[in-house]
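Undergrad: So that we are looking at the same thing, I have put the structure below in structure tokens.
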Amino acid sequence: MLHLTVMTSFSWAAASRPIISLAPMAGVTDASYRQLIKRIAPEVMVYSEFLSTDALRYGAKKTLRMMHFDPLLERPFIVQIFGKKPEHFVEAAKVVEQMGADGIDINMGCPAARVVSSSHGSALMKNPELAAELVASTASAVSIPVSVKTRLGWDSSENLIPFCEKLIAAGASALAVHGRTFMQKFHGEADYEPIYELKRRVQVPVIGNGDIRSGADAVAKLGNLDGVMIGRATFGNPWVMREIVDALLHGKTVPSTMTFAEKIPFIIQHCRFAVEQKGERRGMLEMRRHLASYVKGIPGAAELRAKLVRVESVAAVEDILGSIPL
Ligand SMILES: Cc1cc2nc3c(=O)[nH]c(=O)nc-3n(C[C@H](O)[C@H](O)[C@H](O)COP(=O)(O)O)c2cc1C
């Protein structure tokens with residue numbers, strides 16, 4: 001793992017369109033997951049899991065480790081941060097910039113009770129003054145661009161445009177919007193109409209997020225937006241990112257026809273990345289649920305899953321997957 005300070009010149013305005021990004025997902029989009037996605041679809045922009053500004057500010061080792069990335073493979077690399085204290089954002093942003101990230105994204109959409117009760121994440125949609133102050137503090141501390149990921153609003157989309165205009169005036173250079181409100185959490189269908197309307201009203205890049213599960217979905221939802229962001233559809237199926245890239249960039253909308261045998265080398269590579277970054281014990285422990293998702297739907301999945309959730313080494317995974325009659 002390299003920890004270089006690399007000067008980058010990423011700019012949201014110059015990023016090639018449409019932007020296709022992997023959503024930040026705590027507990028999922030660690031370096032091994034991002035690197036796997038980049039191997040499958042190098043065109044994809046990746047975000048870190050959300051990192052606490054309080055922890056970064058105090059130099060918490062675990063949080064600093066979560067920012068490790070491969071500066072050659074993972075470009076552009078956006079680090080997402082959360083918190084509520086402007087002075088902590090200033091210090092955290094400097095740490096993120098020094099680690100060589102291409103951009104800083106501020107989380108204003110997480111609906112988790114623990115996050116919202118601390119006035120972080122989605123709670124900021126109810127406090128636009130503080131939200132704007134966090135953007136301004138962060139942007140003044142670093143030279144890399146600052147973006148925001150948010151939701152439609154607290155309980156409706158009626159304040160989305162004024163809220164985002166305030167963030168832009170404070171220095172946000174791009175916005176990613178999940179088409180649900182805080183109140184909806186993950187229920188219902190993502191609504192893209194308010195995001196399209198936002199794009200008509202602002203000059204900065206706007207990325208739409210929510211419920212994109214295939215290349216055809218991505219094409220249907222892109223509309224007037226600058227890009228799309230995909231999260232849960234990659235669980236057990238990181239190859240969907242290739243399908244989405246092919247659909248949006250190359251007009252190829254046929255669903256991927258990859259066989260399980262063709263997927264195995266990627267699955268093994270995912271395990272290797274995890275072990276490289278977290279050591280064999282921790283890496284394989286964290287890989288178990290990914291492995292269970294990879295075999296979902298293939299013949300004998302239940303039996304395979306029972307074996308895969310116990311694996312302790314890459315070699316064991318190779319043996320189990322190698323024994324599947326394909
Ligand atoms: C397990 C999990 C963890 C998530 N963690 C984050 C996070 O750290 N930061 C963030 O902005 N959103 C987070 N999200 C929300 C996603 O980035 C995304 O907005 C949401 O899943 C909707 O997109 P999708 O329908 O493509 O999954 C998380 C979602 C899931 C399922």
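Each chain of the structure tokens is named A, B, ... in the order shown, its residues numbered from 1; ligands are numbered from 1 in display order.
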Return as a PyMOL selection string the residues of protein, DNA or RNA that approach ligand 1 to within 7 Å, with only C-alpha atoms and all ligand atoms taken into account.
TA: chain A and resi 23-28+49-50+80+107+109-110+149+178+209-212+229-233
Undergrad: For the selection just defined, write its residues with C-alpha atoms to a file, as a PDB file, in the first residue's frame.
TA:
```
ATOM      1  CA  ALA A  23     -21.665   5.034  -4.255  1.00  0.00           C
ATOM      2  CA  PRO A  24     -19.905   5.468  -0.924  1.00  0.00           C
ATOM      3  CA  MET A  25     -21.073   2.607   1.293  1.00  0.00           C
ATOM      4  CA  ALA A  26     -19.887   2.174   4.865  1.00  0.00           C
ATOM      5  CA  GLY A  27     -18.699  -1.360   5.533  1.00  0.00           C
ATOM      6  CA  VAL A  28     -18.623  -2.141   1.800  1.00  0.00           C
ATOM      7  CA  GLU A  49     -16.726   4.834   2.949  1.00  0.00           C
ATOM      8  CA  PHE A  50     -17.780   7.831   5.044  1.00  0.00           C
ATOM      9  CA  GLN A  80     -16.330  11.168   1.938  1.00  0.00           C
ATOM     10  CA  ASN A 107     -22.144  13.380   3.681  1.00  0.00           C
ATOM     11  CA  GLY A 109     -27.682  12.106   3.443  1.00  0.00           C
ATOM     12  CA  CYS A 110     -26.991   9.296   5.876  1.00  0.00           C
ATOM     13  CA  LYS A 149     -23.947  13.931  -1.336  1.00  0.00           C
ATOM     14  CA  HIS A 178     -30.165  10.099  -3.718  1.00  0.00           C
ATOM     15  CA  ASN A 209     -28.501   8.097  -7.333  1.00  0.00           C
ATOM     16  CA  GLY A 210     -30.944   5.423  -6.334  1.00  0.00           C
ATOM     17  CA  ASP A 211     -32.233   2.120  -7.665  1.00  0.00           C
ATOM     18  CA  ILE A 212     -30.028   1.823 -10.760  1.00  0.00           C
ATOM     19  CA  MET A 229     -24.087   6.685  -8.897  1.00  0.00           C
ATOM     20  CA  ILE A 230     -24.642   3.017  -8.169  1.00  0.00           C
ATOM     21  CA  GLY A 231     -24.597   1.291  -4.791  1.00  0.00           C
ATOM     22  CA  ARG A 232     -26.532  -1.818  -3.830  1.00  0.00           C
ATOM     23  CA  ALA A 233     -26.795  -3.277  -7.332  1.00  0.00           C
TER      24      ALA A 233
END
```
Undergrad: Within 9 Å of Gly171 in chain A, counting only C-alpha atoms, which residues qualify if same-chain residues fewer than 2 places away don't, as a ChimeraX atom specification?
TA: /A:132,135-136,138-140,145-147,166-169,173
Undergrad: For the residues selected in the previous step, produce a file with C-alpha atoms as a short mmCIF file (atom, residue, chain, number, x, y, z; two decimals), in the first residue's frame.
TA:
```cif
data_model
loop_
_atom_site.label_atom_id
_atom_site.label_comp_id
_atom_site.auth_asym_id
_atom_site.auth_seq_id
_atom_site.Cartn_x
_atom_site.Cartn_y
_atom_site.Cartn_z
CA ALA A 132 -23.18 25.69 4.14
CA VAL A 135 -18.81 23.33 2.92
CA ALA A 136 -17.21 26.78 3.18
CA THR A 138 -13.76 22.59 4.03
CA ALA A 139 -13.35 24.42 0.71
CA SER A 140 -11.26 27.15 2.33
CA PRO A 145 -12.73 20.22 -4.94
CA VAL A 146 -15.46 19.78 -2.36
CA SER A 147 -18.75 18.11 -3.24
CA LYS A 166 -26.77 27.52 -0.61
CA LEU A 167 -24.19 24.73 -0.72
CA ILE A 168 -23.00 25.86 -4.14
CA ALA A 169 -22.69 29.47 -2.97
CA SER A 173 -18.48 22.10 -6.87
#
```
Undergrad: Please identify the strand (DSSP E or B) residues within range 74-212 of chain A (assignment by DSSP from backbone atoms) and present them as a count of residues only.
TA: 26
Undergrad: Identify, on the basis of only C-alpha atoms, every residue whose closest approach to Glu97 in chain A does not exceed 8 Å; exclude the query and any residue fewer than 5 positions from it along the same chain; express the result as a tab-separated table (two decimals) with N, CA and C atoms, in the first residue's frame.
TA:
```tsv
chain	number	residue	atom	x	y	z
A	102	ASP	N	-8.44	12.96	-4.59
A	102	ASP	CA	-8.76	13.91	-5.67
A	102	ASP	C	-9.86	14.87	-5.29
A	103	GLY	N	-10.66	14.50	-4.32
A	103	GLY	CA	-11.77	15.36	-3.93
A	103	GLY	C	-12.28	14.96	-2.57
A	142	VAL	N	-8.60	23.54	1.68
A	142	VAL	CA	-7.89	22.69	0.72
A	142	VAL	C	-8.01	23.23	-0.70
A	143	SER	N	-7.16	22.70	-1.57
A	143	SER	CA	-7.30	23.14	-2.97
A	143	SER	C	-8.00	22.10	-3.82
A	144	ILE	N	-8.25	20.90	-3.28
A	144	ILE	CA	-9.01	19.90	-4.05
A	144	ILE	C	-10.51	20.25	-3.95
```
Undergrad: Would you mind writing down, as a list in words, each residue of range 183-246 of chain A that DSSP on the backbone assigns to helix (DSSP H, G or I)?
TA: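 Selection result, helix (DSSP H, G or I) within range 183-246 of chain A: Glu193, Pro194, Ile195, Tyr196, Glu197, Leu198, Lys199, Arg200, Arg201, Gly215, Ala216, Asp217, Ala218, Val219, Ala220, Lys221, Leu222, Arg232, Ala233, Thr234, Val240, Met241, Arg242, Glu243, Ile244, Val245 and Asp246 of chain A.
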Undergrad: Please list as a PyMOL selection string every residue within 10 Å of range 180-182 of chain A, counting only C-alpha atoms and excluding residues in the same chain fewer than 3 positions away.
TA: chain A and resi 109-112+116+121-123+125+150-157+160+177+185-192+194+209-210
Undergrad: Report, in Å with one decimal, the straight-line distance from CA of Gly223 in chain A to CA of Met108 in chain A.
TA: 23.5 Å
